[in-house]
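Colleague: Take a look at this one; I'll ask things after.
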Amino acid sequence: MEFQGRCELEHIGLSSTQGLYHQGEMRIRICNCLLGLVAGAAALIAIAGCKSLPPSKPESQWTPEEARGAEVFRQACAKCHYPTSTHGLHGPGLQAITKVQAMPSGAPPTDERLTAVILHGHGTMPGTALDDQQMHDLLAYMHTL
């Protein structure tokens with residue numbers, strides 16, 4: 001901002017010290033308004049970015065294959081993955097993994113892709129040896145997450 005000359009300040013009824021005070025006060029008000037706008041925008045972005053995931057299917061409603069898949073998960077996957085959270089343990093959380101558009105790797109969560117990742121590994125995740133029935137049951141369970 002340009003400093004207003006003494007004549008201009010006296011013309012609007014302010015002394016030069018009052019003008020400096022009012023300019024400083026105005027700068028503080030402008031900064032406060034800008035900070036408020038930035039904080040509000042950040043809050044809107046955070047709210048818009050927090051999409052709620054569909055809830056997991058209750059255990060009481062599992063089919064026999066889903067229940068067997070949960071046991072396979074506990075034995076083979078639970079040491080690295082949380083099943084009902086998006087927070088990671090040693091690997092990513094798997095809540096709603098079959099319901100999202102992309103897995104953490106960016107690939108779509110098709111049964112074929114999930115099977116390939118589980119059997120052959122991906123990145124730091126080692127492959128897991130499962131027979132066809134175990135894989136079928138595990139995929140059924142993963143669809144409940």
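If you're wondering about the labels, chains in the structure tokens are A, B, ... by order shown, residues count from 1 in each chain, ligands from 1 in order shown.
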At a cut-off of 6 Å, using only C-alpha atoms, what residues contact Thr86 (chain A)? Leave out same-chain residues fewer than 6 positions from it and give the result as a PDB file with N, CA and C atoms, in the first residue's frame.

Modeller:
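Output below, filename result.pdb:
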```pdb
ATOM      1  N   GLY A  93      -4.763 -50.961   4.861  1.00  0.00           N
ATOM      2  CA  GLY A  93      -6.014 -51.464   5.401  1.00  0.00           C
ATOM      3  C   GLY A  93      -6.925 -51.847   4.250  1.00  0.00           C
ATOM      4  N   LEU A  94      -7.774 -52.841   4.450  1.00  0.00           N
ATOM      5  CA  LEU A  94      -8.554 -53.394   3.336  1.00  0.00           C
ATOM      6  C   LEU A  94     -10.047 -53.123   3.419  1.00  0.00           C
ATOM      7  N   GLN A  95     -10.469 -52.220   4.294  1.00  0.00           N
ATOM      8  CA  GLN A  95     -11.898 -51.903   4.364  1.00  0.00           C
ATOM      9  C   GLN A  95     -12.409 -51.494   2.991  1.00  0.00           C
TER      10      GLN A  95
END
```

Colleague: Env of Ala129 (chain A): 12 Å cut, atoms = only C-alpha atoms, seq-sep filter 6 positions within chain, self excluded. Answer as a compact mmCIF listing (two decimals) with C-alpha atoms, in the first residue's frame.

Modeller:
```txt
# COMPACT_ATOMS: atom_id res chain seq x y z
CA VAL A 72 -8.02 -67.76 5.80
CA GLN A 75 -4.15 -67.01 9.17
CA ALA A 76 -2.57 -65.52 6.04
CA CYS A 77 -3.30 -61.79 5.88
CA THR A 115 -6.03 -63.10 -6.84
CA ALA A 116 -2.85 -62.19 -8.72
CA VAL A 117 -1.67 -59.86 -5.92
CA ILE A 118 -2.47 -62.41 -3.20
CA LEU A 119 -0.79 -65.34 -4.99
CA HIS A 120 2.21 -63.53 -6.49
CA GLY A 121 2.65 -60.52 -4.20
CA MET A 135 -8.76 -68.32 -2.61
```

Colleague: Please report the interatomic distance between CA of Pro126 (chain A) and CA of Trp62 (chain A) in Å with one decimal.

Modeller: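 Computing the Euclidean distance for CA of Pro126 (chain A) and CA of Trp62 (chain A) yields 27.9 Å.
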
Colleague: Find the residues around Arg68 (chain A) up to 12 Å (only C-alpha atoms counted), leave out those fewer than 6 positions away in its own chain, and share them as a VMD selection string.

Modeller: chain A and resid 59 62 74 to 75 133 to 142

Colleague: Between CA of Pro58 (chain A) and CA of Ser85 (chain A), measure the distance and give it in Å to one decimal.

Modeller: 14.4 Å

Colleague: Excluding same-chain residues fewer than 6 positions from His143 (chain A), what lies within 9 Å of it counting only C-alpha atoms, as a list in words?

Modeller: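 So, after excluding close chain neighbours, the residues are Ser56, Lys57, Glu66, Ala96, Ile97, Thr98 and Lys99 of chain A.
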
Colleague: Could you please determine the separation between CA of Lys79 (chain A) and CA of Thr128 (chain A) in Å, to one decimal place?

Modeller: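 CA of Thr128 (chain A) lies at a distance of 12.5 Å from CA of Lys79 (chain A).
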